[in-house]
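Have a look at data-v6.cif; it's mmCIF, C-alpha atoms:
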```
data_coords
loop_
_atom_site.label_atom_id
_atom_site.label_comp_id
_atom_site.auth_asym_id
_atom_site.auth_seq_id
_atom_site.Cartn_x
_atom_site.Cartn_y
_atom_site.Cartn_z
CA MET A 1 -17.31 -34.35 -17.36
CA ASN A 2 -18.86 -35.00 -20.75
CA LYS A 3 -18.80 -38.77 -21.36
CA SER A 4 -18.44 -38.33 -25.11
CA LEU A 5 -15.08 -36.58 -24.83
CA ARG A 6 -11.89 -38.42 -25.63
CA LEU A 7 -9.80 -39.50 -22.64
CA SER A 8 -7.04 -36.97 -23.33
CA GLU A 9 -9.66 -34.28 -23.86
CA LYS A 10 -11.21 -35.07 -20.48
CA TRP A 11 -7.85 -34.67 -18.74
CA PHE A 12 -7.19 -31.45 -20.64
CA HIS A 13 -10.54 -30.12 -19.39
CA ARG A 14 -9.67 -31.10 -15.83
CA GLY A 15 -6.28 -29.42 -16.17
CA LEU A 16 -7.91 -26.27 -17.49
CA TRP A 17 -10.30 -26.19 -14.52
CA LEU A 18 -7.23 -26.52 -12.30
CA VAL A 19 -5.71 -23.56 -14.15
CA ALA A 20 -8.92 -21.60 -13.50
CA LEU A 21 -8.79 -22.39 -9.77
CA VAL A 22 -5.09 -21.56 -9.48
CA PHE A 23 -5.61 -18.32 -11.37
CA ALA A 24 -8.51 -17.46 -9.06
CA GLY A 25 -6.35 -18.30 -6.02
CA PHE A 26 -3.60 -15.89 -7.05
CA LEU A 27 -6.14 -13.18 -7.85
CA ILE A 28 -7.81 -13.71 -4.46
CA GLY A 29 -4.44 -13.42 -2.70
CA LEU A 30 -3.64 -10.20 -4.55
CA GLY A 31 -7.12 -8.82 -3.90
CA SER A 32 -6.96 -9.70 -0.21
CA THR A 33 -3.65 -7.88 0.16
CA LEU A 34 -4.95 -4.85 -1.69
CA VAL A 35 -8.23 -4.68 0.24
CA GLY A 36 -6.38 -5.09 3.55
CA ASP A 37 -3.97 -2.26 2.71
CA LEU A 38 -6.64 0.22 1.63
CA PRO A 39 -6.91 1.84 5.14
CA ARG A 40 -3.33 3.05 4.70
CA VAL A 41 -4.51 5.68 2.25
CA GLU A 42 -6.05 7.46 5.24
CA GLN A 43 -3.88 9.32 7.73
CA SER A 44 -3.66 7.64 11.11
CA ILE A 45 -5.40 9.66 13.82
CA GLY A 46 -5.38 9.39 17.60
CA LEU A 47 -6.88 10.98 20.68
CA ASP A 48 -4.15 13.62 20.94
CA ASP A 49 -5.12 14.97 17.52
CA PHE A 50 -8.36 16.29 19.04
CA ILE A 51 -6.93 17.75 22.29
CA ASP A 52 -5.60 21.34 22.53
CA PRO A 53 -1.89 20.94 23.47
CA ALA A 54 -1.81 24.37 25.11
CA THR A 55 -4.47 23.20 27.57
CA ALA A 56 -3.54 19.55 27.96
CA GLU A 57 0.25 19.80 28.39
CA PRO A 58 0.14 22.04 31.53
CA LEU A 59 -2.33 19.60 33.08
CA ARG A 60 -0.10 16.63 32.24
CA ASP A 61 2.91 18.47 33.69
CA LYS A 62 0.90 19.24 36.81
CA ILE A 63 -0.06 15.57 37.13
CA ARG A 64 3.56 14.46 36.72
CA LEU A 65 4.75 16.98 39.32
CA ALA A 66 1.97 15.99 41.71
CA GLU A 67 2.83 12.31 41.35
CA SER A 68 6.51 13.05 41.93
CA ALA A 69 5.71 15.21 44.98
CA GLN A 70 3.38 12.51 46.31
CA ARG A 71 6.07 9.83 45.96
CA GLN A 72 8.61 12.09 47.64
CA ALA A 73 6.17 12.91 50.47
CA GLU A 74 5.41 9.23 50.96
CA ARG A 75 9.12 8.43 51.22
CA GLU A 76 9.60 11.27 53.72
CA LEU A 77 6.55 10.08 55.62
CA GLU A 78 8.06 6.62 55.99
CA GLN A 79 11.23 8.14 57.45
CA ALA A 80 9.20 10.41 59.73
CA ASP A 81 7.15 7.42 60.95
CA LEU A 82 10.36 5.58 61.82
CA LYS A 83 11.71 8.60 63.71
CA LEU A 84 8.40 9.01 65.54
CA THR A 85 8.43 5.35 66.53
CA ALA A 86 11.98 5.64 67.85
CA ALA A 87 11.23 8.90 69.71
CA THR A 88 8.05 7.44 71.24
CA GLN A 89 9.92 4.34 72.44
CA ALA A 90 12.76 6.42 73.90
CA SER A 91 10.36 8.79 75.64
CA GLY A 92 8.31 5.91 77.05
CA ALA A 93 11.41 4.15 78.40
CA ALA A 94 12.68 7.38 79.95
CA ARG A 95 9.33 8.04 81.65
CA GLU A 96 9.28 4.54 83.08
CA THR A 97 12.87 4.90 84.39
CA PHE A 98 12.11 8.32 85.85
CA ALA A 99 8.98 7.03 87.57
CA ASN A 100 10.97 4.19 89.19
CA TRP A 101 13.75 6.55 90.28
CA LEU A 102 11.23 9.06 91.68
CA ALA A 103 9.52 6.37 93.74
CA THR A 104 12.91 5.38 95.22
CA ARG A 105 13.79 8.98 96.07
CA GLN A 106 10.50 9.54 97.83
CA ALA A 107 11.15 6.44 99.88
CA THR A 108 14.66 7.53 100.95
CA ALA A 109 13.88 11.29 101.16
CA GLN A 110 17.55 12.27 100.59
CA PRO A 111 17.92 16.05 99.95
CA ASP A 112 21.24 15.62 98.13
CA GLN A 113 19.38 14.04 95.19
CA ASP A 114 17.48 17.24 94.22
CA ALA A 115 20.07 18.16 91.54
CA GLU A 116 19.73 14.73 89.92
CA LEU A 117 15.94 15.12 89.97
CA ILE A 118 16.24 18.35 88.07
CA ALA A 119 18.60 16.78 85.50
CA ARG A 120 16.37 13.75 84.94
CA THR A 121 13.35 16.01 84.52
CA LYS A 122 15.17 18.09 81.89
CA ALA A 123 16.26 14.95 80.02
CA LEU A 124 12.69 13.65 80.03
CA ASP A 125 11.43 16.99 78.73
CA ALA A 126 14.00 16.87 75.92
CA LEU A 127 12.85 13.40 74.86
CA LYS A 128 9.24 14.56 74.97
CA ALA A 129 10.17 17.53 72.78
CA LYS A 130 11.82 15.21 70.23
CA GLU A 131 8.70 13.05 70.19
CA SER A 132 6.51 16.09 69.59
CA GLU A 133 8.83 17.25 66.80
CA ALA A 134 8.66 13.81 65.18
CA ARG A 135 4.86 13.94 65.32
CA ARG A 136 4.89 17.35 63.65
CA ASP A 137 7.17 15.98 60.90
CA VAL A 138 4.80 13.07 60.31
CA ALA A 139 1.82 15.39 60.11
CA LYS A 140 3.72 17.69 57.75
CA GLU A 141 4.59 14.86 55.34
CA ARG A 142 1.05 13.52 55.47
CA GLN A 143 -0.26 16.95 54.58
CA ALA A 144 2.24 17.23 51.73
CA ALA A 145 1.21 13.82 50.37
CA LEU A 146 -2.46 14.77 50.65
CA ASP A 147 -1.90 18.10 48.88
CA ALA A 148 -0.01 16.37 46.07
CA ARG A 149 -2.70 13.70 45.70
CA GLN A 150 -5.52 16.24 45.62
CA SER A 151 -3.65 18.43 43.14
CA GLY A 152 -3.08 15.43 40.86
CA GLU A 153 -6.70 14.32 41.12
CA GLN A 154 -7.90 17.80 40.20
CA ALA A 155 -5.62 17.89 37.16
CA ARG A 156 -6.72 14.39 36.16
CA LEU A 157 -10.39 15.40 36.31
CA GLN A 158 -9.71 18.39 34.06
CA LEU A 159 -7.67 16.28 31.65
CA ALA A 160 -10.36 13.55 31.66
CA ALA A 161 -12.95 16.15 30.65
CA LEU A 162 -10.74 17.19 27.72
CA GLU A 163 -10.15 13.55 26.70
CA ASN A 164 -13.87 12.69 26.84
CA ASP A 165 -14.67 15.56 24.49
CA ALA A 166 -11.76 14.57 22.23
CA ARG A 167 -12.84 10.90 22.29
CA ALA A 168 -16.32 11.84 21.07
CA ARG A 169 -14.82 13.79 18.16
CA LEU A 170 -12.36 10.95 17.48
CA ASP A 171 -15.25 8.46 17.26
CA GLN A 172 -17.03 10.70 14.77
CA GLU A 173 -13.90 11.01 12.64
CA ASN A 174 -13.28 7.25 12.82
CA ARG A 175 -16.79 6.65 11.51
CA ARG A 176 -16.15 9.04 8.64
CA VAL A 177 -12.83 7.32 7.88
CA GLU A 178 -14.53 3.93 8.09
CA LEU A 179 -17.15 5.12 5.60
CA ARG A 180 -14.50 6.41 3.20
CA VAL A 181 -12.42 3.21 3.42
CA PHE A 182 -15.55 1.13 2.88
CA GLY A 183 -16.27 3.28 -0.16
CA TYR A 184 -12.77 2.57 -1.47
CA ARG A 185 -13.25 -1.17 -1.02
CA LEU A 186 -16.70 -1.10 -2.56
CA ALA A 187 -15.40 0.94 -5.50
CA LEU A 188 -12.76 -1.74 -6.01
CA THR A 189 -14.86 -4.89 -5.62
CA LEU A 190 -18.18 -3.82 -7.18
CA PRO A 191 -16.71 -3.18 -10.67
CA LEU A 192 -15.02 -6.57 -10.44
CA LEU A 193 -18.44 -8.11 -9.89
CA VAL A 194 -19.87 -6.21 -12.87
CA ILE A 195 -16.98 -7.34 -15.09
CA ALA A 196 -17.44 -10.91 -13.87
CA GLY A 197 -21.12 -10.73 -14.83
CA TRP A 198 -20.23 -9.52 -18.32
CA LEU A 199 -17.61 -12.25 -18.72
CA PHE A 200 -20.11 -14.87 -17.59
CA ALA A 201 -22.67 -13.68 -20.11
CA LYS A 202 -20.31 -13.20 -23.06
CA LYS A 203 -17.06 -15.11 -22.62
CA ARG A 204 -17.60 -18.15 -20.42
CA LYS A 205 -17.51 -20.49 -23.46
CA SER A 206 -14.68 -18.73 -25.29
CA THR A 207 -11.23 -20.15 -25.95
CA TRP A 208 -9.89 -18.50 -22.81
CA TRP A 209 -12.65 -19.80 -20.52
CA PRO A 210 -10.26 -20.96 -17.70
CA PHE A 211 -9.15 -17.37 -17.12
CA VAL A 212 -12.74 -16.15 -17.45
CA TRP A 213 -13.97 -18.56 -14.79
CA GLY A 214 -10.93 -17.85 -12.60
CA PHE A 215 -11.77 -14.15 -12.68
CA ILE A 216 -15.45 -14.88 -11.96
CA PHE A 217 -14.52 -16.96 -8.90
CA PHE A 218 -12.17 -14.19 -7.74
CA ALA A 219 -14.79 -11.44 -8.16
CA LEU A 220 -17.46 -13.42 -6.28
CA PHE A 221 -15.04 -14.24 -3.45
CA ALA A 222 -13.75 -10.66 -3.25
CA PHE A 223 -17.21 -9.13 -2.93
CA PHE A 224 -19.19 -11.67 -0.94
CA VAL A 225 -16.39 -13.11 1.26
CA GLU A 226 -13.33 -10.86 1.32
CA LEU A 227 -15.37 -7.70 1.91
CA VAL A 228 -17.25 -9.14 4.92
CA PRO A 229 -14.64 -8.48 7.69
CA TYR A 230 -14.43 -4.82 6.66
CA LEU A 231 -18.15 -4.07 6.50
CA PRO A 232 -19.31 -1.30 8.87
CA SER A 233 -22.53 -1.75 10.82
CA TYR A 234 -24.56 -0.63 7.81
CA GLY A 235 -22.42 -2.45 5.25
CA GLY A 236 -24.56 -5.57 5.38
CA TYR A 237 -27.34 -3.65 3.64
CA VAL A 238 -25.01 -2.95 0.72
CA ARG A 239 -23.88 -6.55 0.46
CA TYR A 240 -27.42 -7.94 0.64
CA ALA A 241 -28.76 -5.31 -1.74
CA VAL A 242 -26.06 -6.10 -4.29
CA GLY A 243 -26.69 -9.81 -3.74
CA ILE A 244 -30.39 -9.28 -4.49
CA VAL A 245 -29.57 -7.30 -7.63
CA VAL A 246 -27.09 -9.95 -8.81
CA THR A 247 -29.62 -12.70 -8.09
CA VAL A 248 -32.32 -10.85 -10.02
CA LEU A 249 -29.99 -10.27 -12.98
CA VAL A 250 -28.79 -13.87 -13.01
CA GLY A 251 -32.35 -15.12 -12.60
CA ARG A 252 -33.56 -12.89 -15.42
CA TYR A 253 -30.72 -14.09 -17.62
CA ALA A 254 -31.56 -17.73 -16.79
CA ILE A 255 -35.27 -17.22 -17.46
CA LEU A 256 -34.61 -15.54 -20.80
CA ALA A 257 -32.06 -18.23 -21.71
CA LEU A 258 -34.59 -20.92 -20.80
CA ASN A 259 -37.28 -19.28 -22.95
CA ARG A 260 -34.87 -18.95 -25.86
CA TYR A 261 -33.87 -22.59 -25.43
CA LEU A 262 -37.48 -23.75 -25.37
CA GLU A 263 -38.24 -21.68 -28.45
CA ARG A 264 -35.26 -23.19 -30.28
CA GLN A 265 -36.42 -26.65 -29.24
CA ARG A 266 -39.93 -26.02 -30.55
CA MET A 267 -38.54 -24.75 -33.83
CA ALA A 268 -36.11 -27.69 -34.08
CA GLU A 269 -38.84 -30.24 -33.39
CA ALA A 270 -40.85 -28.78 -36.26
CA GLN A 271 -38.01 -29.47 -38.72
CA PRO A 272 -37.45 -32.74 -40.61
CA ASP A 273 -35.57 -35.53 -38.86
CA THR A 274 -32.55 -35.31 -41.18
CA VAL A 275 -32.10 -31.57 -40.62
CA ARG A 276 -32.41 -31.91 -36.87
CA ARG A 277 -29.79 -34.64 -36.66
CA ASN A 278 -27.41 -32.72 -38.93
CA GLU A 279 -27.66 -29.70 -36.62
CA LEU A 280 -26.74 -31.73 -33.54
CA SER A 281 -23.10 -31.90 -32.51
CA TYR A 282 -21.69 -35.42 -32.54
CA ASP A 283 -20.32 -35.08 -29.00
CA THR A 284 -23.55 -33.50 -27.76
CA ALA A 285 -25.65 -36.31 -29.22
CA LEU A 286 -23.46 -39.02 -27.66
CA ALA A 287 -23.46 -37.26 -24.31
CA ARG A 288 -27.25 -37.04 -24.25
CA LEU A 289 -27.64 -40.65 -25.30
CA ALA A 290 -25.29 -41.68 -22.48
CA LYS A 291 -27.53 -39.84 -20.03
CA GLY A 292 -30.63 -41.66 -21.29
CA VAL A 293 -32.27 -38.63 -22.88
CA CYS A 294 -33.27 -37.86 -26.45
CA PRO A 295 -30.53 -35.90 -28.29
CA GLY A 296 -33.22 -33.81 -29.97
CA CYS A 297 -35.67 -32.81 -27.22
CA GLU A 298 -33.68 -33.95 -24.15
CA ARG A 299 -36.65 -35.80 -22.70
CA PRO A 300 -36.09 -39.19 -20.97
CA VAL A 301 -36.13 -42.23 -23.24
CA ASP A 302 -35.62 -45.90 -22.31
CA MET A 303 -32.50 -46.57 -24.36
CA LYS A 304 -32.35 -50.18 -23.14
CA ASN A 305 -35.64 -51.01 -24.87
CA ALA A 306 -34.68 -52.62 -28.18
CA GLN A 307 -38.15 -51.84 -29.59
CA ILE A 308 -37.62 -48.06 -29.41
CA ASP A 309 -35.95 -46.66 -32.53
CA PHE A 310 -37.56 -43.23 -32.53
CA CYS A 311 -38.08 -40.71 -29.75
CA PRO A 312 -41.71 -41.01 -28.58
CA HIS A 313 -41.71 -37.30 -27.72
CA CYS A 314 -40.29 -35.58 -30.80
CA GLY A 315 -40.00 -38.41 -33.38
CA ILE A 316 -36.27 -38.06 -34.07
CA SER A 317 -34.52 -41.25 -35.17
CA LEU A 318 -32.45 -42.81 -32.38
CA TYR A 319 -31.48 -46.15 -33.93
CA ASP A 320 -31.29 -47.34 -37.55
CA ARG A 321 -29.73 -50.17 -39.58
CA CYS A 322 -26.21 -50.29 -40.94
CA ASN A 323 -26.10 -49.83 -44.71
CA GLY A 324 -23.65 -52.69 -44.99
CA CYS A 325 -24.56 -55.41 -42.46
CA GLN A 326 -28.06 -54.24 -41.41
CA THR A 327 -27.06 -54.34 -37.71
CA ARG A 328 -29.13 -52.12 -35.43
CA LYS A 329 -26.96 -49.19 -34.38
CA SER A 330 -27.21 -45.64 -33.09
CA ALA A 331 -28.49 -43.28 -35.73
CA PHE A 332 -25.83 -40.78 -34.66
CA ALA A 333 -22.86 -43.16 -34.95
CA LYS A 334 -20.42 -42.33 -37.73
CA PHE A 335 -19.30 -45.93 -38.09
CA CYS A 336 -21.05 -49.24 -37.61
CA HIS A 337 -19.95 -51.01 -34.45
CA ALA A 338 -20.45 -54.43 -36.13
CA CYS A 339 -18.73 -54.04 -39.50
CA GLY A 340 -16.94 -50.69 -39.15
CA ILE A 341 -18.12 -49.13 -42.39
CA SER A 342 -18.98 -45.46 -42.55
CA ASN A 343 -22.66 -44.61 -42.16
CA PRO A 344 -23.87 -41.05 -42.77
CA THR A 345 -25.78 -40.01 -39.64
CA SER A 346 -28.10 -37.83 -41.70
CA LEU A 347 -29.92 -40.88 -43.11
CA THR A 348 -33.22 -41.64 -41.48
CA ALA A 349 -34.00 -45.23 -40.78
CA SER A 350 -36.82 -46.51 -42.92
CA PRO A 351 -39.49 -48.94 -41.71
CA SER A 352 -38.04 -51.63 -43.98
CA ASN A 353 -34.81 -51.51 -42.00
CA MET A 354 -36.40 -51.91 -38.66
#
```
Exercise: express the given structure as structure tokens:
Amino acid sequence: MNKSLRLSEKWFHRGLWLVALVFAGFLIGLGSTLVGDLPRVEQSIGLDDFIDPATAEPLRDKIRLAESAQRQAERELEQADLKLTAATQASGAARETFANWLATRQATAQPDQDAELIARTKALDALKAKESEARRDVAKERQAALDARQSGEQARLQLAALENDARARLDQENRRVELRVFGYRLALTLPLLVIAGWLFAKKRKSTWWPFVWGFIFFALFAFFVELVPYLPSYGGYVRYAVGIVVTVLVGRYAILALNRYLERQRMAEAQPDTVRRNELSYDTALARLAKGVCPGCERPVDMKNAQIDFCPHCGISLYDRCNGCQTRKSAFAKFCHACGISNPTSLTASPSNM
């Protein structure tokens, strides 16, 4: 902060910078919301938008039916496996019992047991038939499950081929949408940057400078920070290219401003001392003196050296004598610090007053 400003003026300047930052913060919040909502101007698209429903829906129905048939066949297969297990156990137990009974009959050789032999044989044949039927049921359900699985896999392969083709077209469309949305964002943020550049060049020292600087901060943040998450793979080229252009423009402006400043300084140093001091602002002169530089040419001067009354670089008067008490004082002071009388700062100290 300028050391020559009054205390209240310093706090007012700090408050105005706070206003600039708060204004920039609200603008950044609004800009962030707007930039984030820009994709909503485009219609949302998905994979199904690029698949022919007349071709895809029958395949999906076939897959659903195949999955349902496979689940049903698997449930029936579980039941058939249980029945086969029971039939196999019953048949095995009956064969073991029959074998034991047959061994006993052969040992006793009783002819009256021939009818029982026939009955046991028929019962064993019936159990064997049930076991065979259970095996056929198991094989049938396994075949049904296999048919359903193969039918579903075939439909899935056909549907996958459709989805792969649709996904390629979806990716192309997404890239086009991404390019359009990036164009929207660039069309929004780039003019803000241009306006900020104009405000910096023309209005940064105007009465409304807090709002000017707030807008400049907002425009720089919106383009170089807020736009970054939404840049496509090629968007970095745009950002860097614009950054180079902005840097060149700012650098050119600074170089021209420096040349104009140096030319003004050369012209000012050629003028008489009284004219030069009259053209200097009181606050500017005090600020430069506080920094240890000459108010006229802004070159370093040892202000603590009591022997230096004139700038050794440009010859402007730095210290003179009070008209009333002859005390050595700053040539730019409006009043003497020793006696308090008014001293016109345009008077050049004469050698007799040194």
So how many Å separate CA of Ala222 (chain A) and CA of Thr189 (chain A), to one decimal? 6.3 Å
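With only C-alpha atoms as the atoms that count, the residue of A:Ala126, A:Leu27, A:Met267, A:Ile308 with the shortest distance to Gly296 (chain A) is A:Met267.
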Can you pull out the residues contacting Phe310 (chain A)? Cut-off 10 Å, using only C-alpha atoms, and skip same-chain residues under 2 positions away; I want them as a compact mmCIF listing (two decimals) with C-alpha atoms, keeping the file's coordinate frame.
```
# COMPACT_ATOMS: atom_id res chain seq x y z
CA CYS A 294 -33.27 -37.86 -26.45
CA VAL A 301 -36.13 -42.23 -23.24
CA GLN A 307 -38.15 -51.84 -29.59
CA ILE A 308 -37.62 -48.06 -29.41
CA PRO A 312 -41.71 -41.01 -28.58
CA HIS A 313 -41.71 -37.30 -27.72
CA CYS A 314 -40.29 -35.58 -30.80
CA GLY A 315 -40.00 -38.41 -33.38
CA ILE A 316 -36.27 -38.06 -34.07
CA SER A 317 -34.52 -41.25 -35.17
CA LEU A 318 -32.45 -42.81 -32.38
CA TYR A 319 -31.48 -46.15 -33.93
CA ASP A 320 -31.29 -47.34 -37.55
CA ALA A 331 -28.49 -43.28 -35.73
CA ALA A 349 -34.00 -45.23 -40.78
```
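Between CA of Gly324 (chain A) and CA of Asp309 (chain A) the separation is 18.5 Å.
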Each side padded by 3 Å, which centre and which edge lengths in Å (one decimal) define the axis-aligned box around the listed atoms of region 58-71 of chain A? Give them as lines of an AutoDock Vina configuration file.
```
center_x = 2.1
center_y = 15.9
center_z = 38.9
size_x = 14.8
size_y = 18.2
size_z = 20.8
```
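Taking CA of Ala94 (chain A) and CA of Arg136 (chain A) as endpoints, the distance between them is 20.6 Å.
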Selection as a list in words: residues within 12 Å of (10.2, 7.7, 60.0), counting only C-alpha atoms: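 With a cut-off of 12 Å, the residues come to Ala73, Glu74, Arg75, Glu76, Leu77, Glu78, Gln79, Ala80, Asp81, Leu82, Lys83, Leu84, Thr85, Ala86, Ala87, Thr88, Glu131, Glu133, Ala134, Arg135, Arg136, Asp137, Val138, Ala139, Glu141 and Arg142 of chain A.
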I need the residue set behind the PyMOL selection byres ((chain A and resi 323) around 9) for this file; please write it as a list in words. Arg321, Cys322, Gly324, Cys325, Gln326, Thr327, Cys336, Ile341, Ser342 and Asn343 of chain A
Export C-alpha atoms of the chosen residues as a compact mmCIF listing (two decimals), in the coordinates of the input?
```
# COMPACT_ATOMS: atom_id res chain seq x y z
CA ARG A 321 -29.73 -50.17 -39.58
CA CYS A 322 -26.21 -50.29 -40.94
CA GLY A 324 -23.65 -52.69 -44.99
CA CYS A 325 -24.56 -55.41 -42.46
CA GLN A 326 -28.06 -54.24 -41.41
CA THR A 327 -27.06 -54.34 -37.71
CA CYS A 336 -21.05 -49.24 -37.61
CA ILE A 341 -18.12 -49.13 -42.39
CA SER A 342 -18.98 -45.46 -42.55
CA ASN A 343 -22.66 -44.61 -42.16
```
Which residues fall under the PyMOL selection byres ((chain A and resi 35) around 10) in this file, as a list in words?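 Given this file, the PyMOL selection byres ((chain A and resi 35) around 10) evaluates to Gly29, Leu30, Gly31, Ser32, Thr33, Leu34, Gly36, Asp37, Leu38, Pro39, Val181, Phe182, Tyr184, Arg185, Leu186, Leu188, Thr189, Ala222, Glu226, Leu227 and Tyr230 of chain A.
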When you look at Glu67 (chain A) with a cut-off of 10 Å (counting only C-alpha atoms), what residues show up, excluding the ones that are within fewer than 5 positions of it in the same chain? I need them as a PDB file with C-alpha atoms, keeping the file's coordinate frame.
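Contents of selection_20.pdb, as written:
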```
ATOM      1  CA  ASP A  61       2.910  18.470  33.690  1.00  0.00           C
ATOM      2  CA  LYS A  62       0.900  19.240  36.810  1.00  0.00           C
ATOM      3  CA  GLN A  72       8.610  12.090  47.640  1.00  0.00           C
ATOM      4  CA  ALA A  73       6.170  12.910  50.470  1.00  0.00           C
ATOM      5  CA  ALA A 145       1.210  13.820  50.370  1.00  0.00           C
ATOM      6  CA  ALA A 148      -0.010  16.370  46.070  1.00  0.00           C
ATOM      7  CA  ARG A 149      -2.700  13.700  45.700  1.00  0.00           C
ATOM      8  CA  SER A 151      -3.650  18.430  43.140  1.00  0.00           C
ATOM      9  CA  GLY A 152      -3.080  15.430  40.860  1.00  0.00           C
ATOM     10  CA  GLU A 153      -6.700  14.320  41.120  1.00  0.00           C
TER      11      GLU A 153
END
```
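Across A:Arg180, A:Trp209, A:Leu192, A:Ala144, the tightest approach to Phe221 (chain A) is made by A:Leu192 when counting only C-alpha atoms.
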Nearest to Ile63 (chain A), chosen from A:Val22, A:Leu157, A:Ala166, A:Ala93, with all atoms listed in the file counted in the distances: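 Of the candidates, the smallest distance to Ile63 (chain A) is held by A:Leu157.
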My list of candidates is A:Gly46, A:Lys291, A:Ile244, A:Thr55. Which is closest to Lys304 (chain A) when distances are computed with all atoms listed in the file?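 Among A:Gly46, A:Lys291, A:Ile244, A:Thr55, it is A:Lys291 that comes nearest to Lys304 (chain A).
Among the candidates A:Ala155, A:Ala333, A:Leu179, A:Ala123, the residue lying nearest to Tyr282 (chain A) is A:Ala333 (atoms considered: only C-alpha atoms).
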Counting all atoms listed in the file, figure out which residue out of A:Asp165, A:Asp147, A:Asp302, A:Glu178 gets nearest to Leu65 (chain A).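 Checking each of A:Asp165, A:Asp147, A:Asp302, A:Glu178 against Leu65 (chain A), counting all atoms listed in the file, the winner is A:Asp147.
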Running the PyMOL selection byres ((chain A and resi 212) around 10) on this model by hand, what would come out? Give it as a PyMOL selection string. chain A and resi 20+23-24+196+199-200+202-211+213-218
Once you have the residues from the selection above, write them out as a compact mmCIF listing (two decimals), in the frame of the given file, restricted to C-alpha atoms.
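Listing of part09.txt after writing:
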```txt
# COMPACT_ATOMS: atom_id res chain seq x y z
CA ALA A 20 -8.92 -21.60 -13.50
CA PHE A 23 -5.61 -18.32 -11.37
CA ALA A 24 -8.51 -17.46 -9.06
CA ALA A 196 -17.44 -10.91 -13.87
CA LEU A 199 -17.61 -12.25 -18.72
CA PHE A 200 -20.11 -14.87 -17.59
CA LYS A 202 -20.31 -13.20 -23.06
CA LYS A 203 -17.06 -15.11 -22.62
CA ARG A 204 -17.60 -18.15 -20.42
CA LYS A 205 -17.51 -20.49 -23.46
CA SER A 206 -14.68 -18.73 -25.29
CA THR A 207 -11.23 -20.15 -25.95
CA TRP A 208 -9.89 -18.50 -22.81
CA TRP A 209 -12.65 -19.80 -20.52
CA PRO A 210 -10.26 -20.96 -17.70
CA PHE A 211 -9.15 -17.37 -17.12
CA TRP A 213 -13.97 -18.56 -14.79
CA GLY A 214 -10.93 -17.85 -12.60
CA PHE A 215 -11.77 -14.15 -12.68
CA ILE A 216 -15.45 -14.88 -11.96
CA PHE A 217 -14.52 -16.96 -8.90
CA PHE A 218 -12.17 -14.19 -7.74
```
